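Visitor: upload.txt is the file, holding compact mmCIF, C-alpha atoms:
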```
# COMPACT_ATOMS: atom_id res chain seq x y z
CA MET R 1 94.12 122.77 125.94
CA GLN R 2 95.48 119.35 125.01
CA PRO R 3 93.45 117.13 122.69
CA THR R 4 92.13 113.99 124.23
CA ARG R 5 93.93 110.73 123.53
CA ARG R 6 90.81 109.40 121.78
CA LYS R 7 90.51 112.45 119.52
CA PHE R 8 94.14 112.33 118.45
CA LEU R 9 94.16 108.58 117.85
CA ALA R 10 91.05 108.91 115.72
CA ILE R 11 93.02 110.96 113.24
CA ALA R 12 95.51 108.14 112.78
CA PHE R 13 92.94 105.36 112.82
CA GLY R 14 91.24 107.04 109.88
CA SER R 15 94.49 106.74 107.94
CA LEU R 16 95.19 103.06 108.29
CA GLY R 17 94.53 101.71 104.83
CA ALA R 18 98.28 101.33 104.49
CA SER R 19 98.34 97.87 103.02
CA ALA R 20 99.84 97.65 99.52
CA ILE R 21 98.47 100.50 97.40
CA PRO R 22 99.61 100.64 93.77
CA LEU R 23 100.57 104.04 92.41
CA SER R 24 97.93 103.50 89.70
CA VAL R 25 95.29 104.21 92.35
CA PHE R 26 96.36 107.85 92.15
CA ALA R 27 96.47 108.05 88.35
CA ASN R 28 93.07 109.72 88.04
CA ASN R 29 93.93 112.24 90.75
CA ASN R 30 97.38 112.87 89.25
CA TRP R 31 99.04 112.83 92.69
CA PRO R 32 101.76 113.80 93.18
CA ASN R 33 101.98 116.30 90.34
CA LYS R 34 104.34 118.79 91.96
CA PRO R 35 107.27 118.71 94.43
CA ILE R 36 106.65 117.50 97.98
CA ARG R 37 108.35 119.30 100.86
CA ILE R 38 109.57 117.75 104.10
CA ILE R 39 109.80 120.54 106.67
CA VAL R 40 112.61 120.00 109.20
CA PRO R 41 112.12 122.12 112.36
CA VAL R 42 115.83 122.59 113.17
CA PRO R 43 118.86 124.05 111.36
CA ALA R 44 120.61 122.03 108.66
CA GLY R 45 123.37 119.66 109.68
CA GLY R 46 121.77 117.90 112.66
CA SER R 47 120.51 114.36 113.07
CA LEU R 48 117.04 115.20 111.75
CA ASP R 49 118.55 115.99 108.37
CA ILE R 50 119.85 112.43 108.06
CA LEU R 51 116.35 110.95 108.15
CA ALA R 52 114.79 113.73 106.07
CA ARG R 53 117.31 113.38 103.26
CA THR R 54 117.18 109.58 103.34
CA LEU R 55 113.40 109.64 102.90
CA ALA R 56 113.50 112.47 100.34
CA LYS R 57 115.90 110.52 98.14
CA GLY R 58 113.86 107.32 98.36
CA LEU R 59 110.51 109.02 97.79
CA THR R 60 111.83 110.99 94.82
CA ASN R 61 112.64 107.68 93.18
CA SER R 62 109.48 105.79 94.13
CA LEU R 63 106.97 108.60 93.49
CA ASN R 64 108.70 109.96 90.37
CA GLN R 65 108.40 113.45 91.83
CA ALA R 66 110.91 115.73 93.54
CA VAL R 67 110.86 115.60 97.34
CA ILE R 68 112.62 118.59 98.87
CA VAL R 69 114.01 119.01 102.38
CA GLU R 70 113.40 122.48 103.82
CA ASN R 71 114.89 123.51 107.17
CA MET R 72 112.64 125.89 109.09
CA ALA R 73 114.28 126.49 112.46
CA GLY R 74 113.24 128.76 115.32
CA GLY R 75 110.96 129.05 118.31
CA GLY R 76 111.94 125.70 119.79
CA SER R 77 110.64 124.05 116.58
CA ASN R 78 107.28 125.80 117.02
CA ILE R 79 107.64 127.87 113.83
CA ALA R 80 107.80 124.75 111.70
CA PHE R 81 105.13 122.95 113.71
CA GLY R 82 102.73 125.87 113.33
CA TYR R 83 103.51 126.20 109.63
CA VAL R 84 102.74 122.56 108.82
CA ALA R 85 99.67 122.50 111.08
CA LYS R 86 98.17 125.29 108.97
CA ALA R 87 99.38 124.02 105.58
CA ALA R 88 96.98 122.70 102.95
CA PRO R 89 96.15 119.04 103.71
CA ASP R 90 97.06 117.84 100.23
CA GLY R 91 100.12 115.70 100.89
CA TYR R 92 102.60 118.20 99.49
CA THR R 93 103.75 119.55 102.88
CA LEU R 94 105.07 117.06 105.39
CA LEU R 95 106.68 117.49 108.80
CA LEU R 96 109.67 115.70 110.22
CA GLY R 97 108.45 115.58 113.79
CA TRP R 98 110.55 114.82 116.82
CA ASP R 99 110.38 114.93 120.61
CA SER R 100 109.68 118.66 120.74
CA LEU R 101 106.26 118.06 119.18
CA ALA R 102 105.31 116.23 122.39
CA ILE R 103 107.53 118.27 124.72
CA ASN R 104 106.37 121.77 123.82
CA PRO R 105 102.76 121.47 125.05
CA GLY R 106 104.15 121.08 128.57
CA LEU R 107 106.79 123.76 128.16
CA TYR R 108 105.18 126.73 126.42
CA PRO R 109 102.11 128.60 127.70
CA ALA R 110 100.88 129.20 124.14
CA LEU R 111 101.55 127.24 120.94
CA PRO R 112 100.79 127.83 117.25
CA TYR R 113 99.52 124.27 116.91
CA LYS R 114 97.60 121.46 118.59
CA LEU R 115 98.47 117.79 118.25
CA ASP R 116 95.15 117.05 116.57
CA GLN R 117 96.19 119.32 113.68
CA PHE R 118 98.54 116.58 112.47
CA ALA R 119 97.96 113.24 110.78
CA PRO R 120 100.70 110.73 111.73
CA ILE R 121 102.36 108.80 108.91
CA THR R 122 105.17 106.79 110.52
CA LEU R 123 107.31 106.59 113.62
CA ALA R 124 110.50 106.20 111.60
CA ILE R 125 113.39 105.92 114.02
CA THR R 126 114.46 106.34 117.62
CA ALA R 127 117.82 107.43 119.00
CA PRO R 128 119.11 108.12 122.50
CA GLN R 129 120.65 111.31 123.78
CA VAL R 130 124.36 111.00 124.49
CA LEU R 131 126.40 112.80 127.14
CA VAL R 132 129.73 113.77 125.59
CA VAL R 133 132.69 115.77 126.84
CA GLY R 134 135.34 117.58 124.85
CA PRO R 135 138.96 118.61 125.29
CA LYS R 136 138.05 121.23 127.89
CA LEU R 137 136.87 118.53 130.34
CA PRO R 138 138.97 115.38 129.91
CA VAL R 139 137.00 113.06 132.21
CA LYS R 140 136.73 109.42 131.21
CA ASN R 141 133.45 108.25 132.74
CA LEU R 142 130.16 109.40 134.21
CA LYS R 143 131.24 108.72 137.79
CA THR R 144 134.14 111.16 137.50
CA PHE R 145 131.95 113.70 135.70
CA ILE R 146 129.48 113.66 138.59
CA GLU R 147 132.26 113.91 141.18
CA VAL R 148 133.75 116.97 139.43
CA ALA R 149 130.30 118.56 139.12
CA ARG R 150 129.57 118.06 142.82
CA ARG R 151 132.85 119.68 143.82
CA ASN R 152 132.21 122.63 141.50
CA PRO R 153 128.47 123.49 141.41
CA GLY R 154 127.57 125.36 138.21
CA ALA R 155 131.14 125.33 136.90
CA ILE R 156 130.61 122.70 134.19
CA SER R 157 128.86 124.04 131.09
CA LEU R 158 126.43 121.58 129.52
CA ALA R 159 125.33 122.51 126.00
CA ASN R 160 122.24 121.27 124.18
CA ALA R 161 120.39 121.81 120.91
CA GLY R 162 118.15 124.51 122.41
CA ASN R 163 115.99 125.31 125.42
CA GLY R 164 113.22 122.74 125.64
CA SER R 165 115.05 120.29 123.38
CA PRO R 166 115.33 116.62 124.39
CA GLY R 167 118.97 117.24 125.28
CA HIS R 168 117.99 120.12 127.57
CA LEU R 169 115.49 117.95 129.44
CA ALA R 170 117.86 114.97 129.47
CA GLY R 171 120.46 117.24 131.08
CA THR R 172 117.94 118.52 133.60
CA LEU R 173 117.04 114.94 134.52
CA LEU R 174 120.74 114.14 134.88
CA GLU R 175 121.17 117.06 137.29
CA SER R 176 118.19 115.97 139.34
CA MET R 177 119.11 112.29 139.61
CA ALA R 178 122.83 112.94 140.24
CA ASP R 179 122.18 115.84 142.62
CA ILE R 180 124.50 118.18 140.70
CA LYS R 181 124.27 121.70 139.27
CA LEU R 182 125.40 122.38 135.69
CA SER R 183 125.42 125.55 133.60
CA ASN R 184 122.85 125.23 130.79
CA ILE R 185 124.12 126.48 127.39
CA PRO R 186 121.42 126.29 124.70
CA TYR R 187 122.32 126.39 120.99
CA LYS R 188 120.20 126.73 117.87
CA GLY R 189 120.59 123.12 116.89
CA GLY R 190 122.81 120.15 117.57
CA ALA R 191 125.39 120.76 114.82
CA PRO R 192 126.70 124.12 116.14
CA ALA R 193 126.73 122.73 119.68
CA VAL R 194 128.88 119.78 118.58
CA ALA R 195 131.25 122.13 116.73
CA ASP R 196 131.70 124.33 119.80
CA LEU R 197 132.29 121.32 122.04
CA VAL R 198 135.02 120.02 119.71
CA ALA R 199 136.56 123.52 119.68
CA GLY R 200 136.62 123.59 123.49
CA HIS R 201 134.16 126.43 123.95
CA VAL R 202 131.94 124.37 126.27
CA ASP R 203 132.67 121.48 128.62
CA ALA R 204 130.00 118.93 127.79
CA LEU R 205 126.98 118.34 125.60
CA MET R 206 123.77 116.32 125.73
CA VAL R 207 122.62 115.74 122.16
CA THR R 208 121.01 113.08 119.98
CA LEU R 209 123.58 110.33 119.40
CA PRO R 210 123.68 110.59 115.57
CA ALA R 211 124.62 114.28 115.80
CA ALA R 212 127.85 113.43 117.65
CA ILE R 213 128.64 109.89 116.56
CA GLN R 214 131.30 110.76 113.99
CA GLN R 215 133.17 112.94 116.47
CA ILE R 216 132.93 110.15 119.05
CA ARG R 217 134.35 107.61 116.62
CA SER R 218 137.16 109.96 115.64
CA GLY R 219 138.14 110.36 119.29
CA ARG R 220 137.54 114.11 119.34
CA LEU R 221 134.71 113.63 121.85
CA ASN R 222 134.36 111.16 124.70
CA ALA R 223 130.94 109.57 125.24
CA LEU R 224 130.11 109.04 128.91
CA GLY R 225 126.69 107.44 128.44
CA ILE R 226 123.51 107.27 126.40
CA SER R 227 120.06 108.05 127.74
CA SER R 228 118.10 104.98 126.67
CA ALA R 229 117.56 101.88 128.80
CA LYS R 230 119.43 99.70 126.28
CA ARG R 231 122.72 100.23 124.52
CA SER R 232 122.75 101.41 120.91
CA THR R 233 122.90 98.72 118.23
CA GLY R 234 125.29 100.86 116.19
CA VAL R 235 127.71 101.78 118.99
CA PRO R 236 127.25 99.13 121.70
CA GLU R 237 130.53 100.08 123.37
CA ILE R 238 128.93 103.21 124.88
CA PRO R 239 127.31 102.38 128.24
CA THR R 240 123.88 103.60 129.18
CA ILE R 241 123.69 106.36 131.78
CA ALA R 242 121.80 103.89 133.97
CA GLU R 243 124.64 101.37 133.71
CA ALA R 244 127.21 104.10 134.33
CA GLY R 245 125.73 104.96 137.71
CA LEU R 246 122.25 106.51 137.54
CA THR R 247 119.94 103.51 137.89
CA GLY R 248 116.53 104.13 136.34
CA TYR R 249 117.66 106.87 133.96
CA ASP R 250 115.74 106.27 130.70
CA LEU R 251 114.91 108.72 127.91
CA ASN R 252 114.71 107.99 124.21
CA SER R 253 114.27 110.38 121.31
CA TRP R 254 112.17 109.73 118.23
CA GLN R 255 111.71 111.06 114.72
CA GLY R 256 108.71 110.54 112.49
CA ILE R 257 106.73 111.97 109.62
CA LEU R 258 103.37 113.71 109.88
CA ALA R 259 101.07 115.64 107.55
CA PRO R 260 98.43 118.28 108.21
CA ALA R 261 95.20 116.79 109.58
CA GLY R 262 92.70 116.26 106.80
CA THR R 263 95.24 114.91 104.32
CA PRO R 264 93.42 112.21 102.30
CA ASN R 265 93.64 108.75 103.80
CA GLU R 266 94.87 107.34 100.49
CA VAL R 267 97.80 109.76 100.46
CA ILE R 268 98.69 108.97 104.08
CA ALA R 269 98.54 105.26 103.34
CA LEU R 270 100.69 105.52 100.22
CA LEU R 271 103.30 107.67 101.96
CA ASN R 272 103.42 105.22 104.87
CA GLN R 273 103.82 102.30 102.50
CA GLU R 274 106.67 103.94 100.61
CA MET R 275 108.48 105.25 103.70
CA VAL R 276 108.34 101.89 105.47
CA LYS R 277 109.74 100.26 102.33
CA ILE R 278 112.61 102.77 102.23
CA LEU R 279 113.44 102.39 105.93
CA LYS R 280 113.38 98.59 105.79
CA ASP R 281 115.66 98.41 102.77
CA PRO R 282 118.69 96.48 104.12
CA ALA R 283 121.25 99.03 102.90
CA VAL R 284 119.29 101.99 104.28
CA LYS R 285 118.66 100.27 107.60
CA LYS R 286 122.34 99.33 107.95
CA GLN R 287 123.38 102.93 107.31
CA LEU R 288 120.88 104.39 109.78
CA VAL R 289 121.92 101.92 112.48
CA SER R 290 125.57 102.83 111.89
CA GLU R 291 124.60 106.49 112.44
CA GLY R 292 123.20 105.64 115.88
CA PHE R 293 119.52 105.21 115.06
CA GLU R 294 117.16 102.30 115.74
CA VAL R 295 114.79 101.77 112.80
CA ILE R 296 111.09 101.44 113.71
CA ALA R 297 109.20 102.13 110.43
CA SER R 298 105.76 101.95 112.03
CA SER R 299 102.14 102.34 111.03
CA PRO R 300 100.37 105.71 111.48
CA LYS R 301 98.57 104.21 114.48
CA THR R 302 101.83 103.46 116.28
CA LEU R 303 103.05 107.05 115.94
CA ALA R 304 99.68 108.36 117.13
CA GLU R 305 99.83 106.15 120.22
CA TYR R 306 103.43 107.12 120.88
CA LEU R 307 102.56 110.83 120.82
CA ALA R 308 99.45 110.35 122.93
CA THR R 309 101.37 108.52 125.66
CA SER R 310 104.67 110.44 125.57
CA THR R 311 103.17 113.95 125.76
CA PRO R 312 101.95 113.60 129.38
CA LYS R 313 105.21 111.87 130.34
CA TRP R 314 107.24 114.82 129.06
CA ALA R 315 104.87 117.22 130.82
CA LYS R 316 105.47 115.42 134.12
CA LEU R 317 109.25 115.52 133.65
CA ILE R 318 109.10 119.24 132.86
CA LYS R 319 106.98 119.92 135.93
CA ASP R 320 109.05 117.75 138.27
CA SER R 321 112.38 119.10 137.03
CA GLY R 322 111.31 122.74 136.86
CA ALA R 323 112.74 123.04 133.32
CA LYS R 324 111.89 126.34 131.64
CA VAL R 325 112.56 128.12 128.38
CA ASP R 326 114.20 131.54 128.41
```
Any chance you could put this one into structure tokens?
Guide:
Amino acid sequence: MQPTRRKFLAIAFGSLGASAIPLSVFANNNWPNKPIRIIVPVPAGGSLDILARTLAKGLTNSLNQAVIVENMAGGGSNIAFGYVAKAAPDGYTLLLGWDSLAINPGLYPALPYKLDQFAPITLAITAPQVLVVGPKLPVKNLKTFIEVARRNPGAISLANAGNGSPGHLAGTLLESMADIKLSNIPYKGGAPAVADLVAGHVDALMVTLPAAIQQIRSGRLNALGISSAKRSTGVPEIPTIAEAGLTGYDLNSWQGILAPAGTPNEVIALLNQEMVKILKDPAVKKQLVSEGFEVIASSPKTLAEYLATSTPKWAKLIKDSGAKVD
């Protein structure tokens, strides 16, 4: 059963003392006095690693304590979600959450977590999905892609970062709106899917923009469109899918940091303060934008509201599209 919007928001609202908090506040409690882990729910090498390692480096410096990135893939991200939900609420185990945290309640009949088992810290960044084609399918634009797909139902293979991933659902929405049939090819993460597309093992891929941006810039992959309503700040030359022919197409991916529910408010507030500072650093922000991200760096409340509103939207898309996990 899904938690009510009010119940989930209450968790965040209890963690909103995130105005400037000096580290001296924690001197008596000696926090942090051991390494902090950021659990990433997908394999290493994807776009989630970029944010995790950026924050880990900044927090290691500002907190004077090691912050370690640990990839814990599997189960459509549910293994990592369940692990962090049940972790001690002491601030030493954090989760890099993404769309699947809100998608999975509408996709899986049983989950090892509930949304109210997490305390939001910050909605860090957003990034669109991008539809890219490789050497096996040398089409130049979305219009041609759709025409080829209509002439050959099921012949075009469309890879994604895994069943139930944002790319999977973005591809399903593309099929529905364009009235085409593609062959779904799920991978265990965006990085191996990108590698196989470059190698010509699949025709096309729907993946978070930062996971493919370097291959797009190198010319190895051709970007046909991004999923968000607006063009990317970092690569404005790529049209939106809506502009390219599917009016009304609009999906955006997000990444943020959460802790187990019950983590002390002071710890949540300090972590928010430090993460927002890192993300708003001009050099860091410039780098993230160049990677295809849009920097948000929000309060805990904003992430809580985002989750509370996006979860039913994903559930409706899943129901309407008939998307399923194998």
Visitor: Give me, as a PyMOL selection string, all polymer residues having an atom no more than 7 Å from range 253-258 of chain R, counting all atoms listed in the file and skipping those fewer than 5 positions away in the same chain.
Guide: chain R and resi 94-99+118-129
Visitor: Counting all atoms listed in the file, what is within 12 Å of Met177 in chain R, bar same-chain residues fewer than 4 positions away, as a list in words?
Guide: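 My list of contacting residues is Ile146, Ala170, Gly171, Thr172, Leu173, Lys181, Ile241, Ala242, Gly245, Leu246, Thr247, Gly248, Tyr249, Asp250, Leu317, Asp320 and Ser321 of chain R.
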Visitor: Which one is closest to Thr54 in chain R: R:Pro109, R:Ser176, R:Ser227, R:Val69? Count all atoms listed in the file.
Guide: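 Among the listed residues, R:Val69 lies closest to Thr54 in chain R.
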Visitor: So how far away is CA of Leu174 in chain R from CA of Gly190 in chain R, in Å?
Guide: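 So the answer is 18.4 Å.
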Visitor: Let me make sure I understand: among R:Pro236, R:Gly46, R:Pro41, R:Pro32, which one has the smallest atom-to-atom distance to Met72 in chain R if we use all atoms listed in the file?
Guide: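 Once distances to Met72 in chain R are computed over all atoms listed in the file, the minimum belongs to R:Pro41.
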Visitor: Please measure the separation of CA of Val130 in chain R and CA of Leu224 in chain R, giving the value in Å to one decimal.
Guide: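 Value for the CA of Val130 in chain R-CA of Leu224 in chain R distance: 7.5 Å.
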Visitor: Looking at R:Asn64, R:Ala73, R:Asn272, R:Leu101, which one is nearest to Asp116 in chain R, with distances taken over all atoms listed in the file?
Guide: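 Going through R:Asn64, R:Ala73, R:Asn272, R:Leu101 one by one, the smallest distance to Asp116 in chain R is for R:Leu101.
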Visitor: For range 67-71 of chain R, what centre and edge lengths in Å (one decimal) does the axis-aligned box get once 5 Å is added on each side of all its listed atoms, as AutoDock Vina command-line options?
Guide:
```
--center_x 112.9 --center_y 119.6 --center_z 102.3 --size_x 14.0 --size_y 17.9 --size_z 19.8
```
Visitor: Can you measure CA of Glu243 in chain R to CA of Lys230 in chain R for me? One decimal in Å is fine.
Guide: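 One can read the CA of Glu243 in chain R to CA of Lys230 in chain R distance as 9.2 Å.
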Visitor: Excluding same-chain residues fewer than 4 positions from Thr144 in chain R, what lies within 12 Å of it counting all atoms listed in the file, as JSON, numbers by chain?
Guide: {"R": [133, 137, 138, 139, 140, 148, 149, 150, 151, 178, 224, 244, 245]}
Visitor: Store the residues picked out above in a file with C-alpha atoms, as a compact mmCIF listing (two decimals), keeping the file's coordinate frame.
Guide:
```txt
# COMPACT_ATOMS: atom_id res chain seq x y z
CA VAL R 133 132.69 115.77 126.84
CA LEU R 137 136.87 118.53 130.34
CA PRO R 138 138.97 115.38 129.91
CA VAL R 139 137.00 113.06 132.21
CA LYS R 140 136.73 109.42 131.21
CA VAL R 148 133.75 116.97 139.43
CA ALA R 149 130.30 118.56 139.12
CA ARG R 150 129.57 118.06 142.82
CA ARG R 151 132.85 119.68 143.82
CA ALA R 178 122.83 112.94 140.24
CA LEU R 224 130.11 109.04 128.91
CA ALA R 244 127.21 104.10 134.33
CA GLY R 245 125.73 104.96 137.71
```
Visitor: Would you please work out which residue, of R:Lys34, R:Lys136, R:His168, R:Arg231, is nearest to Leu197 in chain R when using all atoms listed in the file?
Guide: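 Of the candidates, the smallest distance to Leu197 in chain R is held by R:Lys136.
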Visitor: So which residues touch Gly106 in chain R within 8 Å, counting only C-alpha atoms, skipping near sequence neighbours fewer than 3 positions away, as a list in words?
Guide: Ala102, Ile103, Pro109, Thr311, Pro312, Trp314, Ala315, Ile318 and Lys319 of chain R
Visitor: Can you work out which one of R:Ala199, R:Val289, R:Ile180, R:Ala161 has the shortest atom-to-atom distance to Gly74 in chain R, counting all atoms listed in the file?
Guide: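 The answer is R:Ala161, which sits nearest to Gly74 in chain R.
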Visitor: Taking into account all atoms listed in the file, which residue in the set R:Lys316, R:Lys188, R:Arg37, R:Lys57 is nearest to Leu107 in chain R?
Guide: R:Lys316
Visitor: Mind checking which residues fall within 12 Å of Tyr83 in chain R, counting only C-alpha atoms, ignoring those fewer than 2 positions away in the same chain, and posting them as a PyMOL selection string?
Guide: chain R and resi 38-41+71-75+77-81+85-89+93-95+111-114+117-118+259-260
